[in-house]
file input.cif (mmCIF, C-alpha atoms and all ligand atoms)
data_upload
loop_
_atom_site.label_atom_id
_atom_site.label_comp_id
_atom_site.auth_asym_id
_atom_site.auth_seq_id
_atom_site.Cartn_x
_atom_site.Cartn_y
_atom_site.Cartn_z
CA MET A 19 -86.36 31.91 -31.48
CA ASN A 20 -84.38 30.95 -28.43
CA LEU A 21 -80.65 31.63 -28.17
CA VAL A 22 -79.58 28.27 -29.58
CA GLU A 23 -81.85 28.65 -32.60
CA ARG A 24 -80.77 32.23 -33.14
CA ARG A 25 -77.09 31.41 -32.89
CA ILE A 26 -77.24 28.43 -35.18
CA ALA A 27 -79.28 30.34 -37.73
CA SER A 28 -76.77 33.21 -37.68
CA GLN A 29 -73.59 31.17 -38.08
CA GLU A 30 -71.89 31.94 -41.33
CA LEU A 31 -70.02 29.06 -42.85
CA PRO A 32 -67.57 29.71 -45.65
CA TRP A 33 -68.81 26.63 -47.46
CA ARG A 34 -72.11 24.81 -47.10
CA ASP A 35 -70.60 21.69 -48.45
CA ASN A 36 -70.34 18.51 -46.48
CA ASP A 37 -66.95 17.54 -47.83
CA ALA A 38 -65.48 20.96 -47.23
CA LEU A 39 -66.73 20.92 -43.65
CA GLY A 40 -64.59 17.96 -42.64
CA THR A 41 -63.98 15.45 -45.37
CA PRO A 42 -64.23 11.89 -44.06
CA ILE A 43 -60.89 10.25 -44.79
CA THR A 44 -60.32 6.54 -44.45
CA VAL A 45 -56.72 5.94 -43.50
CA ASP A 46 -55.72 2.33 -43.58
CA GLY A 47 -52.26 1.14 -42.67
CA ASP A 48 -50.26 3.93 -44.32
CA ALA A 49 -49.42 7.49 -43.22
CA THR A 50 -49.45 8.93 -46.72
CA HIS A 51 -52.63 7.50 -48.27
CA GLY A 52 -56.31 7.83 -47.56
CA ILE A 53 -59.61 7.13 -49.30
CA VAL A 54 -61.82 10.16 -49.91
CA ASN A 55 -65.17 9.73 -51.67
CA GLY A 56 -64.10 6.25 -52.74
CA ARG A 57 -60.91 7.53 -54.35
CA LYS A 58 -57.38 6.79 -53.21
CA VAL A 59 -55.56 10.06 -52.51
CA ILE A 60 -52.15 11.14 -51.27
CA LEU A 61 -52.50 12.84 -47.91
CA ALA A 62 -50.77 16.21 -48.29
CA GLY A 63 -52.84 18.05 -45.72
CA THR A 64 -51.96 16.53 -42.36
CA ASN A 65 -49.47 17.42 -39.64
CA ASN A 66 -47.84 14.03 -39.84
CA TYR A 67 -44.44 15.63 -40.41
CA LEU A 68 -42.31 12.65 -39.47
CA GLY A 69 -44.80 10.07 -40.74
CA LEU A 70 -44.96 8.23 -37.42
CA THR A 71 -48.67 7.37 -37.19
CA PHE A 72 -48.04 3.82 -38.37
CA HIS A 73 -44.52 3.36 -37.07
CA PRO A 74 -44.40 -0.21 -35.72
CA ASP A 75 -42.80 0.91 -32.43
CA CYS A 76 -45.50 3.51 -31.82
CA VAL A 77 -48.36 1.17 -32.72
CA ALA A 78 -46.95 -1.70 -30.62
CA ALA A 79 -46.37 0.60 -27.63
CA ALA A 80 -49.96 1.85 -27.83
CA GLN A 81 -51.37 -1.67 -28.11
CA GLN A 82 -49.35 -2.96 -25.17
CA ALA A 83 -50.28 0.01 -23.01
CA ALA A 84 -53.99 -0.36 -23.82
CA SER A 85 -53.86 -4.04 -22.88
CA ARG A 86 -51.95 -3.39 -19.70
CA TYR A 87 -53.39 -0.11 -18.39
CA GLY A 88 -56.83 -0.02 -20.04
CA THR A 89 -58.41 2.47 -22.38
CA GLY A 90 -58.38 5.57 -20.19
CA THR A 91 -57.45 7.00 -16.81
CA THR A 92 -60.94 8.37 -16.03
CA GLY A 93 -59.55 11.25 -14.06
CA SER A 94 -57.45 14.38 -13.85
CA ARG A 95 -53.70 14.33 -13.31
CA MET A 96 -54.28 15.90 -9.88
CA ALA A 97 -56.61 13.09 -8.83
CA ASN A 98 -56.38 9.50 -10.09
CA GLY A 99 -55.01 10.35 -13.54
CA THR A 100 -51.25 10.35 -12.98
CA TYR A 101 -49.71 7.02 -13.93
CA PRO A 102 -45.96 6.38 -13.77
CA GLU A 103 -45.97 6.62 -17.59
CA HIS A 104 -47.13 10.26 -17.52
CA ARG A 105 -44.23 11.05 -15.23
CA ALA A 106 -41.84 9.07 -17.40
CA LEU A 107 -42.85 11.03 -20.51
CA GLU A 108 -42.38 14.28 -18.61
CA ARG A 109 -38.89 13.20 -17.56
CA GLU A 110 -38.04 12.19 -21.13
CA LEU A 111 -39.29 15.48 -22.55
CA ALA A 112 -37.31 17.43 -19.96
CA GLU A 113 -34.18 15.44 -20.89
CA PHE A 114 -34.81 15.96 -24.60
CA TYR A 115 -35.02 19.73 -24.11
CA GLY A 116 -32.29 19.92 -21.47
CA ALA A 117 -35.08 21.43 -19.38
CA ARG A 118 -35.65 21.73 -15.64
CA SER A 119 -39.18 20.48 -15.90
CA ALA A 120 -41.98 19.45 -18.22
CA ILE A 121 -45.74 19.11 -17.88
CA VAL A 122 -47.86 16.95 -20.15
CA PHE A 123 -51.40 18.06 -21.06
CA THR A 124 -54.18 16.12 -22.76
CA THR A 125 -54.03 18.20 -25.94
CA GLY A 126 -51.82 20.88 -27.43
CA TYR A 127 -54.77 23.25 -27.23
CA GLN A 128 -54.95 22.68 -23.49
CA ALA A 129 -51.20 23.10 -23.15
CA ASN A 130 -51.57 26.68 -24.38
CA LEU A 131 -54.74 27.33 -22.44
CA GLY A 132 -53.31 25.92 -19.23
CA THR A 133 -49.87 27.47 -19.50
CA ILE A 134 -50.97 30.96 -20.51
CA ALA A 135 -53.93 31.22 -18.15
CA GLY A 136 -51.94 29.50 -15.39
CA ILE A 137 -49.27 32.20 -15.55
CA ALA A 138 -51.07 35.39 -16.50
CA ASP A 139 -54.00 36.93 -14.67
CA ALA A 140 -56.11 40.06 -14.83
CA ARG A 141 -53.12 42.20 -13.74
CA SER A 142 -50.94 40.90 -16.58
CA LYS A 143 -50.25 42.17 -20.09
CA ILE A 144 -49.89 39.67 -22.90
CA PHE A 145 -48.28 40.62 -26.21
CA LEU A 146 -49.31 38.22 -28.97
CA ASP A 147 -48.24 37.87 -32.56
CA ALA A 148 -51.31 38.91 -34.56
CA GLU A 149 -51.39 35.55 -36.37
CA SER A 150 -51.30 33.43 -33.24
CA HIS A 151 -53.16 30.14 -33.10
CA ALA A 152 -56.65 30.20 -31.58
CA SER A 153 -55.44 28.31 -28.49
CA ILE A 154 -53.06 31.19 -27.70
CA TYR A 155 -55.79 33.78 -28.10
CA ASP A 156 -58.13 31.64 -26.00
CA GLY A 157 -55.51 31.18 -23.27
CA ALA A 158 -54.96 34.94 -23.14
CA LYS A 159 -58.68 35.55 -22.95
CA LEU A 160 -59.16 32.97 -20.21
CA SER A 161 -56.37 34.56 -18.16
CA GLY A 162 -58.22 37.89 -18.06
CA ALA A 163 -54.97 39.70 -18.97
CA THR A 164 -54.97 42.79 -21.17
CA THR A 165 -53.94 41.58 -24.60
CA PHE A 166 -51.95 43.52 -27.19
CA ARG A 167 -51.28 42.26 -30.69
CA PHE A 168 -48.00 43.00 -32.42
CA LYS A 169 -47.69 42.84 -36.19
CA HIS A 170 -47.02 39.34 -37.47
CA ASN A 171 -43.33 38.43 -37.18
CA ASP A 172 -42.41 42.05 -36.56
CA ALA A 173 -39.93 42.37 -33.69
CA LYS A 174 -39.74 46.15 -34.22
CA ASP A 175 -43.45 46.54 -33.66
CA LEU A 176 -43.13 44.36 -30.56
CA ALA A 177 -40.29 46.57 -29.29
CA LYS A 178 -42.38 49.68 -29.89
CA LYS A 179 -45.30 48.24 -27.95
CA LEU A 180 -43.15 46.96 -25.09
CA GLY A 181 -41.46 50.37 -24.93
CA ARG A 182 -44.78 51.83 -23.76
CA ILE A 183 -45.11 49.73 -20.62
CA ASP A 184 -43.59 50.61 -17.27
CA ASP A 185 -44.09 47.24 -15.54
CA PRO A 186 -42.22 44.60 -17.56
CA GLY A 187 -42.57 42.16 -14.67
CA SER A 188 -46.28 41.89 -15.43
CA ALA A 189 -45.84 41.28 -19.16
CA MET A 190 -45.40 38.23 -21.33
CA VAL A 191 -44.76 37.79 -25.06
CA ILE A 192 -46.05 34.79 -27.02
CA ALA A 193 -44.79 33.74 -30.44
CA GLU A 194 -44.81 30.55 -32.47
CA GLY A 195 -41.99 28.68 -34.20
CA ILE A 196 -43.36 27.83 -37.63
CA TYR A 197 -46.76 29.37 -38.37
CA SER A 198 -49.22 26.71 -39.38
CA MET A 199 -50.92 28.13 -42.46
CA LEU A 200 -48.16 29.70 -44.57
CA GLY A 201 -45.22 27.92 -42.96
CA ASP A 202 -43.30 31.10 -42.14
CA TYR A 203 -40.79 31.19 -39.26
CA ALA A 204 -40.83 33.65 -36.38
CA PRO A 205 -37.78 35.97 -36.16
CA LEU A 206 -37.14 34.39 -32.79
CA ALA A 207 -33.60 35.66 -32.25
CA GLU A 208 -34.83 39.24 -32.80
CA ILE A 209 -37.84 38.67 -30.54
CA CYS A 210 -35.51 37.31 -27.84
CA GLU A 211 -33.35 40.40 -28.10
CA VAL A 212 -36.40 42.55 -27.54
CA THR A 213 -37.78 40.50 -24.63
CA SER A 214 -34.35 40.27 -22.97
CA HIS A 215 -33.79 44.00 -23.39
CA HIS A 216 -37.13 44.77 -21.75
CA GLY A 217 -36.93 41.99 -19.16
CA VAL A 218 -40.18 40.47 -20.35
CA ALA A 219 -41.07 36.76 -20.27
CA LEU A 220 -41.32 34.80 -23.53
CA ILE A 221 -43.38 31.73 -24.39
CA VAL A 222 -42.83 30.01 -27.73
CA ASP A 223 -45.32 27.57 -29.20
CA GLU A 224 -43.25 25.10 -31.23
CA ALA A 225 -46.28 23.01 -32.31
CA HIS A 226 -45.19 22.94 -35.97
CA SER A 227 -41.44 23.15 -35.45
CA PHE A 228 -40.86 20.47 -32.78
CA GLY A 229 -39.36 17.46 -34.56
CA VAL A 230 -38.89 19.57 -37.70
CA LEU A 231 -36.24 22.22 -37.01
CA GLY A 232 -32.95 22.28 -35.15
CA LYS A 233 -30.07 19.83 -35.11
CA ASN A 234 -31.88 17.66 -32.58
CA GLY A 235 -35.42 18.52 -33.63
CA ARG A 236 -36.12 20.76 -30.64
CA GLY A 237 -37.52 23.45 -32.88
CA LEU A 238 -36.92 27.02 -33.97
CA ALA A 239 -35.38 28.11 -30.66
CA GLU A 240 -32.74 25.42 -31.14
CA LEU A 241 -32.20 26.36 -34.79
CA GLN A 242 -31.72 30.03 -33.91
CA GLY A 243 -29.61 29.30 -30.82
CA VAL A 244 -31.91 31.06 -28.34
CA GLU A 245 -33.22 28.22 -26.19
CA ASP A 246 -31.81 29.72 -23.00
CA GLN A 247 -33.67 32.96 -23.61
CA VAL A 248 -37.09 31.37 -23.84
CA ASP A 249 -39.02 31.00 -20.59
CA ILE A 250 -41.40 28.26 -21.69
CA VAL A 251 -41.73 26.17 -24.83
CA VAL A 252 -45.19 24.78 -25.53
CA GLY A 253 -45.74 21.98 -28.00
CA THR A 254 -47.99 19.20 -29.12
CA PHE A 255 -47.80 15.47 -29.80
CA SER A 256 -50.40 15.74 -32.55
CA LYS A 257 -47.99 16.67 -35.29
CA SER A 258 -44.43 15.29 -35.35
CA LEU A 259 -45.20 12.60 -32.76
CA GLY A 260 -48.28 11.46 -34.67
CA CYS A 261 -50.64 11.05 -31.71
CA VAL A 262 -52.35 13.57 -29.43
CA GLY A 263 -51.40 15.56 -26.33
CA GLY A 264 -49.43 18.65 -25.42
CA TYR A 265 -46.64 19.85 -23.17
CA ALA A 266 -44.90 22.80 -21.61
CA VAL A 267 -41.15 22.65 -20.85
CA SER A 268 -38.75 25.12 -19.36
CA ARG A 269 -35.00 25.34 -19.09
CA ARG A 270 -35.28 28.34 -16.79
CA HIS A 271 -38.07 27.50 -14.38
CA ASP A 272 -39.56 24.73 -12.31
CA LEU A 273 -43.04 24.45 -13.80
CA ASP A 274 -44.53 22.19 -11.13
CA PRO A 275 -46.57 24.98 -9.48
CA LEU A 276 -48.44 25.31 -12.78
CA ARG A 277 -50.05 21.94 -12.08
CA ALA A 278 -52.18 23.63 -9.43
CA ALA A 279 -52.86 26.76 -11.45
CA ALA A 280 -53.57 25.52 -14.97
CA ARG A 281 -57.29 24.81 -15.12
CA ALA A 282 -56.98 22.98 -18.44
CA TYR A 283 -54.67 20.54 -16.60
CA LEU A 284 -56.57 20.40 -13.33
CA PHE A 285 -60.08 19.98 -14.63
CA SER A 286 -59.71 17.58 -17.53
CA ALA A 287 -58.96 13.86 -17.71
CA SER A 288 -55.31 12.98 -18.26
CA PRO A 289 -54.07 11.51 -21.55
CA VAL A 290 -54.94 7.86 -22.09
CA PRO A 291 -52.09 5.40 -21.48
CA SER A 292 -51.91 4.18 -25.09
CA VAL A 293 -51.35 7.75 -26.26
CA ILE A 294 -48.64 8.34 -23.68
CA ALA A 295 -46.95 5.10 -24.74
CA SER A 296 -47.01 6.01 -28.43
CA ALA A 297 -45.75 9.54 -27.68
CA ARG A 298 -42.81 8.06 -25.76
CA ALA A 299 -42.03 5.65 -28.59
CA ALA A 300 -42.33 8.44 -31.17
CA LEU A 301 -39.96 10.67 -29.19
CA ARG A 302 -37.39 7.88 -29.25
CA VAL A 303 -37.78 7.53 -33.04
CA LEU A 304 -37.46 11.30 -33.45
CA GLU A 305 -34.19 11.20 -31.51
CA ARG A 306 -32.64 8.21 -33.20
CA GLU A 307 -33.72 8.91 -36.80
CA PRO A 308 -32.70 12.49 -37.67
CA GLU A 309 -32.82 11.46 -41.32
CA ARG A 310 -36.60 11.82 -41.12
CA ARG A 311 -36.13 15.56 -40.62
CA THR A 312 -33.76 15.71 -43.57
CA ARG A 313 -36.22 13.87 -45.82
CA LEU A 314 -39.09 16.07 -44.69
CA LEU A 315 -37.18 19.24 -45.48
CA GLU A 316 -36.07 17.87 -48.86
CA ASN A 317 -39.69 17.09 -49.75
CA ALA A 318 -40.72 20.54 -48.58
CA GLU A 319 -38.02 22.25 -50.63
CA ARG A 320 -39.00 20.31 -53.77
CA VAL A 321 -42.70 21.24 -53.50
CA TYR A 322 -42.12 24.86 -52.45
CA ARG A 323 -39.73 25.55 -55.34
CA ALA A 324 -42.04 23.92 -57.90
CA LEU A 325 -45.11 25.85 -56.73
CA GLN A 326 -43.07 29.03 -56.70
CA GLN A 327 -42.11 28.36 -60.30
CA PHE A 328 -45.76 27.80 -61.25
CA GLY A 329 -46.51 31.30 -59.94
CA TYR A 330 -48.47 30.49 -56.79
CA GLU A 331 -48.63 33.09 -54.04
CA LEU A 332 -46.76 31.38 -51.18
CA GLY A 333 -45.42 32.13 -47.72
CA PRO A 334 -41.89 33.58 -47.48
CA ALA A 335 -40.00 30.46 -46.33
CA VAL A 336 -39.42 26.88 -47.36
CA SER A 337 -41.04 24.77 -44.68
CA PRO A 338 -43.13 21.60 -44.41
CA VAL A 339 -46.23 23.76 -44.71
CA VAL A 340 -46.69 25.15 -48.20
CA GLY A 341 -49.73 27.40 -48.13
CA THR A 342 -51.02 28.87 -51.41
CA ILE A 343 -53.13 31.99 -51.05
CA ILE A 344 -56.06 31.94 -53.45
CA ARG A 345 -58.31 34.62 -51.92
CA ASP A 346 -61.59 33.93 -53.75
CA THR A 347 -63.76 31.57 -51.69
CA GLU A 348 -65.46 29.72 -54.54
CA LYS A 349 -62.25 29.40 -56.53
CA THR A 350 -60.50 27.93 -53.50
CA LEU A 351 -63.22 25.31 -53.10
CA ALA A 352 -63.05 24.48 -56.81
CA ALA A 353 -59.24 24.25 -56.63
CA TRP A 354 -59.42 21.98 -53.61
CA ARG A 355 -61.87 19.69 -55.41
CA PHE A 356 -59.66 19.70 -58.49
CA LEU A 357 -56.66 18.52 -56.44
CA LEU A 358 -58.79 15.80 -54.85
CA ASP A 359 -59.90 14.66 -58.32
CA HIS A 360 -56.20 14.50 -59.19
CA GLY A 361 -55.51 12.27 -56.21
CA VAL A 362 -54.16 14.85 -53.75
CA TYR A 363 -55.75 15.82 -50.46
CA VAL A 364 -54.74 19.22 -49.02
CA ASN A 365 -56.41 21.38 -46.37
CA LEU A 366 -59.07 23.84 -47.42
CA VAL A 367 -58.68 26.90 -45.20
CA ALA A 368 -60.94 29.90 -44.72
CA PRO A 369 -61.10 32.66 -42.07
CA PRO A 370 -60.82 32.54 -39.08
CA ALA A 371 -58.27 29.72 -39.57
CA SER A 372 -56.42 31.53 -42.36
CA PRO A 373 -54.06 34.32 -41.33
CA GLY A 374 -55.79 36.99 -43.43
CA PRO A 375 -59.25 37.72 -44.76
CA TYR A 376 -58.63 35.24 -47.55
CA CYS A 377 -58.84 31.52 -48.29
CA LEU A 378 -55.92 29.24 -48.97
CA LEU A 379 -54.92 25.71 -49.71
CA ARG A 380 -52.56 24.27 -47.14
CA CYS A 381 -50.27 21.57 -48.48
CA SER A 382 -48.10 19.90 -45.89
CA LEU A 383 -45.31 17.44 -46.42
CA SER A 384 -44.24 14.39 -44.50
CA ALA A 385 -40.96 12.52 -44.21
CA ALA A 386 -43.03 9.50 -45.24
CA HIS A 387 -43.92 10.93 -48.68
CA ARG A 388 -42.05 8.96 -51.31
CA PRO A 389 -40.45 10.77 -54.29
CA GLU A 390 -43.18 9.63 -56.69
CA GLN A 391 -45.86 10.95 -54.31
CA VAL A 392 -44.09 14.29 -54.14
CA GLU A 393 -44.09 14.39 -57.95
CA THR A 394 -47.82 13.57 -58.04
CA ILE A 395 -48.50 16.46 -55.67
CA ILE A 396 -46.47 18.81 -57.85
CA GLU A 397 -48.14 17.65 -61.07
CA ALA A 398 -51.60 18.16 -59.56
CA TYR A 399 -50.69 21.76 -58.66
CA ARG A 400 -49.27 22.27 -62.14
CA ALA A 401 -52.52 21.05 -63.73
CA LEU A 402 -54.53 23.26 -61.39
CA LYS A 403 -52.72 26.32 -62.71
CA GLU A 404 -52.56 25.23 -66.38
CA THR A 405 -55.93 23.62 -67.04
CA GLY A 406 -57.88 23.72 -63.77
CA PRO A 407 -59.93 26.41 -62.00
CA LEU A 408 -56.83 28.57 -61.51
CA ALA A 409 -55.92 28.67 -65.22
CA ARG A 410 -55.96 32.21 -66.56
C1 LIG A 501 -49.64 26.61 -33.23
C2 LIG A 501 -50.55 25.59 -32.62
N1 LIG A 501 -50.63 25.49 -31.29
C3 LIG A 501 -51.44 24.61 -30.71
C4 LIG A 501 -52.22 23.75 -31.45
C5 LIG A 501 -53.14 22.80 -30.76
O1 LIG A 501 -52.63 21.52 -30.80
P1 LIG A 501 -53.54 20.21 -30.75
O2 LIG A 501 -54.27 20.13 -32.06
O3 LIG A 501 -52.56 19.14 -30.57
O4 LIG A 501 -54.48 20.36 -29.61
C6 LIG A 501 -52.16 23.81 -32.83
C7 LIG A 501 -52.98 22.89 -33.63
O5 LIG A 501 -53.12 22.96 -34.79
C8 LIG A 501 -51.31 24.76 -33.45
O6 LIG A 501 -51.23 24.86 -34.77
#

call {"tool": "encode", "arguments": {"input": "input.cif", "output": "structure tokens", "more": "lines below"}}
Ligand SMILES: Cc1ncc(COP(=O)(O)O)c(C=O)c1O
result
Amino acid sequence: MNLVERRIASQELPWRDNDALGTPITVDGDATHGIVNGRKVILAGTNNYLGLTFHPDCVAAAQQAASRYGTGTTGSRMANGTYPEHRALERELAEFYGARSAIVFTTGYQANLGTIAGIADARSKIFLDAESHASIYDGAKLSGATTFRFKHNDAKDLAKKLGRIDDPGSAMVIAEGIYSMLGDYAPLAEICEVTSHHGVALIVDEAHSFGVLGKNGRGLAELQGVEDQVDIVVGTFSKSLGCVGGYAVSRRHDLDPLRAAARAYLFSASPVPSVIASARAALRVLEREPERRTRLLENAERVYRALQQFGYELGPAVSPVVGTIIRDTEKTLAAWRFLLDHGVYVNLVAPPASPGPYCLLRCSLSAAHRPEQVETIIEAYRALKETGPLAR
């Protein structure tokens, strides 16, 4: 066997089931509905927190940009891939965050890869929350820095680990806002105290909290009043803005030099104009319709409290992500299928995507979910516990 054959033969998949390995979903004109296996289902397993994927402004902006600028830039930002619209989005993001500068990347994954590996190098030390997203781990690995993991959401453990270093100027801490699988929040104010005390840089990935938390939707750092203590915020357009792309912004630093250091920025084609246009339109909606955030959090509260009452094992905080830990692999698959049969699509999650050595179902809410859809989601979870594969 050659290497490819050996590798493919040795890959262990949690489920050898075509649906579980990426269910084809037909979405047609509505952010909250899809067709799966010929059945109409409520989409409760997306990151469409503000429900903007079909917002008329965002769709029209994308259509106009595609007609005017074409389907792609065919080049990197450092070559032929910077259009005035990329710069405009960067200016708008910087204004939104009250930041000195912003850089737009083609994906959120690349935003982490480029930012982390553009800043740290083999002489650096990176302290990561143990439950960090893969893109953070991958960025740290690409940088060549020595990586230390601190216990999930444990500022004391971080303090202990930082207390052992004698060169804080070479160190960087990375945390997230809302964690994507169980919806828990980072203790960001405590983390900021620790990083400020030690004089260590802090990057916060607000992928799941941008557009969701804070008076203006700037995320957990805004909610906890620590924006000025964060060196760089990284985020994505693929969740609250309903398209694709990523960014890094900073209130404290001019990030422009990163453009020449971030390989994920330098050596990849820039975002297509239609995506930039829809991201800009979505940012305007996010700013002018704060009621979307209110609705989202009301929906989240309703589902979280109901599932708590049904006895599900949940994350510690009410947030738009309501993850239920199920542990047993086969039971999780059966539960996921049961919810689908009851008209509700959620995410089926197994290691390494889940935060522990267990499986879970990830339900996520949207501002676009109507009250009757929220009730359908709740009733499906109730049935799963009372008469479905999770009944005792
Ligand atoms: C915390 C976090 N950071 C970064 C990303 C990557 O973002 P994108 O999917 O937009 O590339 C994700 C995606 O799920 C994420 O959850």

call {"tool": "residues_near_ligand", "arguments": {"input": "input.cif", "ligand": "ligand LIG 501 (chain A)", "cutoff": "9 Å", "atoms": "all atoms listed in the file", "output": "VMD selection string"}}
result
chain A and resid 65 124 to 130 150 to 154 194 to 199 223 to 226 252 to 257 261 to 264

call {"tool": "closest_residue", "arguments": {"input": "input.cif", "among": "A:Glu30, A:Asp185, A:Asp202, A:Glu113", "to": "Arg141 (chain A)", "atoms": "all atoms listed in the file"}}
result
A:Asp185

call {"tool": "atom_distance", "arguments": {"input": "input.cif", "atom1": "CA of Ala49 (chain A)", "atom2": "CA of Cys377 (chain A)"}}
result
26.3 Å

call {"tool": "atom_distance", "arguments": {"input": "input.cif", "atom1": "CA of Arg311 (chain A)", "atom2": "CA of Ala353 (chain A)"}}
result
29.4 Å

call {"tool": "atom_distance", "arguments": {"input": "input.cif", "atom1": "CA of Leu378 (chain A)", "atom2": "CA of Gly201 (chain A)"}}
result
12.3 Å

call {"tool": "residues_around", "arguments": {"input": "input.cif", "residues": "region 401-407 of chain A", "least_positions_apart": "2", "cutoff": "8 Å", "atoms": "only C-alpha atoms", "output": "PyMOL selection string"}}
result
chain A and resi 328+349+352-353+356-357+397-399+409-410

call {"tool": "closest_residue", "arguments": {"input": "input.cif", "among": "A:Ala219, A:Val59, A:Ala204, A:Leu284", "to": "Arg270 (chain A)", "atoms": "all atoms listed in the file"}}
result
A:Ala219

call {"tool": "residues_around", "arguments": {"input": "input.cif", "residues": "Leu70 (chain A)", "least_positions_apart": "5", "cutoff": "10 Å", "atoms": "all atoms listed in the file", "output": "list of chain:residue names"}}
result
A:Asp48, A:Ala49, A:Asp75, A:Cys76, A:Val77, A:Lys257, A:Ser258, A:Leu259, A:Gly260, A:Cys261, A:Ser296, A:Ala297, A:Ala299, A:Ala300, A:Leu301, A:Val303, A:Leu304, A:Arg310, A:Ser384, A:Ala385, A:Ala386

call {"tool": "closest_residue", "arguments": {"input": "input.cif", "among": "A:Leu238, A:Leu131, A:Val267, A:Ile395", "to": "Arg118 (chain A)", "atoms": "all atoms listed in the file"}}
result
A:Val267

call {"tool": "closest_residue", "arguments": {"input": "input.cif", "among": "A:Pro32, A:Gly90, A:Pro102, A:Gly136", "to": "Thr347 (chain A)", "atoms": "all atoms listed in the file"}}
result
A:Pro32

call {"tool": "closest_residue", "arguments": {"input": "input.cif", "among": "A:Leu379, A:Leu68, A:Leu107, A:Ala120", "to": "His271 (chain A)", "atoms": "only C-alpha atoms"}}
result
A:Ala120

call {"tool": "closest_residue", "arguments": {"input": "input.cif", "among": "A:Pro291, A:Gly329, A:Gly88, A:Gly361", "to": "Thr100 (chain A)", "atoms": "only C-alpha atoms"}}
result
A:Pro291

call {"tool": "residues_around", "arguments": {"input": "input.cif", "residues": "Pro375 (chain A)", "least_positions_apart": "6", "cutoff": "10 Å", "atoms": "all atoms listed in the file", "output": "PDB file with C-alpha atoms, in the coordinates of the input"}}
result
ATOM      1  CA  ARG A 345     -58.310  34.620 -51.920  1.00  0.00           C
ATOM      2  CA  ALA A 368     -60.940  29.900 -44.720  1.00  0.00           C
ATOM      3  CA  PRO A 369     -61.100  32.660 -42.070  1.00  0.00           C
TER       4      PRO A 369
END

call {"tool": "residues_near_point", "arguments": {"input": "input.cif", "point": "(-42.5, 25.4, -48.5)", "cutoff": "12 Å", "atoms": "only C-alpha atoms", "output": "compact mmCIF listing (two decimals) with C-alpha atoms, keeping the file's coordinate frame"}}
result
# COMPACT_ATOMS: atom_id res chain seq x y z
CA ILE A 196 -43.36 27.83 -37.63
CA TYR A 197 -46.76 29.37 -38.37
CA SER A 198 -49.22 26.71 -39.38
CA MET A 199 -50.92 28.13 -42.46
CA LEU A 200 -48.16 29.70 -44.57
CA GLY A 201 -45.22 27.92 -42.96
CA ASP A 202 -43.30 31.10 -42.14
CA TYR A 203 -40.79 31.19 -39.26
CA LEU A 314 -39.09 16.07 -44.69
CA LEU A 315 -37.18 19.24 -45.48
CA GLU A 316 -36.07 17.87 -48.86
CA ASN A 317 -39.69 17.09 -49.75
CA ALA A 318 -40.72 20.54 -48.58
CA GLU A 319 -38.02 22.25 -50.63
CA ARG A 320 -39.00 20.31 -53.77
CA VAL A 321 -42.70 21.24 -53.50
CA TYR A 322 -42.12 24.86 -52.45
CA ARG A 323 -39.73 25.55 -55.34
CA ALA A 324 -42.04 23.92 -57.90
CA LEU A 325 -45.11 25.85 -56.73
CA GLN A 326 -43.07 29.03 -56.70
CA TYR A 330 -48.47 30.49 -56.79
CA GLU A 331 -48.63 33.09 -54.04
CA LEU A 332 -46.76 31.38 -51.18
CA GLY A 333 -45.42 32.13 -47.72
CA PRO A 334 -41.89 33.58 -47.48
CA ALA A 335 -40.00 30.46 -46.33
CA VAL A 336 -39.42 26.88 -47.36
CA SER A 337 -41.04 24.77 -44.68
CA PRO A 338 -43.13 21.60 -44.41
CA VAL A 339 -46.23 23.76 -44.71
CA VAL A 340 -46.69 25.15 -48.20
CA GLY A 341 -49.73 27.40 -48.13
CA THR A 342 -51.02 28.87 -51.41
CA ARG A 380 -52.56 24.27 -47.14
CA CYS A 381 -50.27 21.57 -48.48
CA SER A 382 -48.10 19.90 -45.89
CA LEU A 383 -45.31 17.44 -46.42
CA SER A 384 -44.24 14.39 -44.50

call {"tool": "residues_near_point", "arguments": {"input": "input.cif", "point": "(-49.7, 39.2, -31.1)", "cutoff": "8 Å", "atoms": "only C-alpha atoms", "output": "list in words"}}
result
Phe145, Leu146, Asp147, Ala148, Glu149, Ser150, Phe166, Arg167, Phe168, Lys169, His170, Val191, Ile192 and Ala193 of chain A

call {"tool": "residues_around", "arguments": {"input": "input.cif", "residues": "Ala173 (chain A)", "least_positions_apart": "5", "cutoff": "9 Å", "atoms": "only C-alpha atoms", "output": "list of chain:residue names"}}
result
A:Phe168, A:Lys178, A:Pro205, A:Leu206, A:Glu208, A:Ile209, A:Cys210, A:Glu211, A:Val212

call {"tool": "residues_around", "arguments": {"input": "input.cif", "residues": "Ser119 (chain A)", "least_positions_apart": "6", "cutoff": "10 Å", "atoms": "only C-alpha atoms", "output": "list in words"}}
result
Glu108, Arg109, Glu110, Leu111, Ala112, Glu113, Ile250, Ala266, Val267, Ser268, Arg269, Arg270, His271, Asp272, Leu273 and Asp274 of chain A
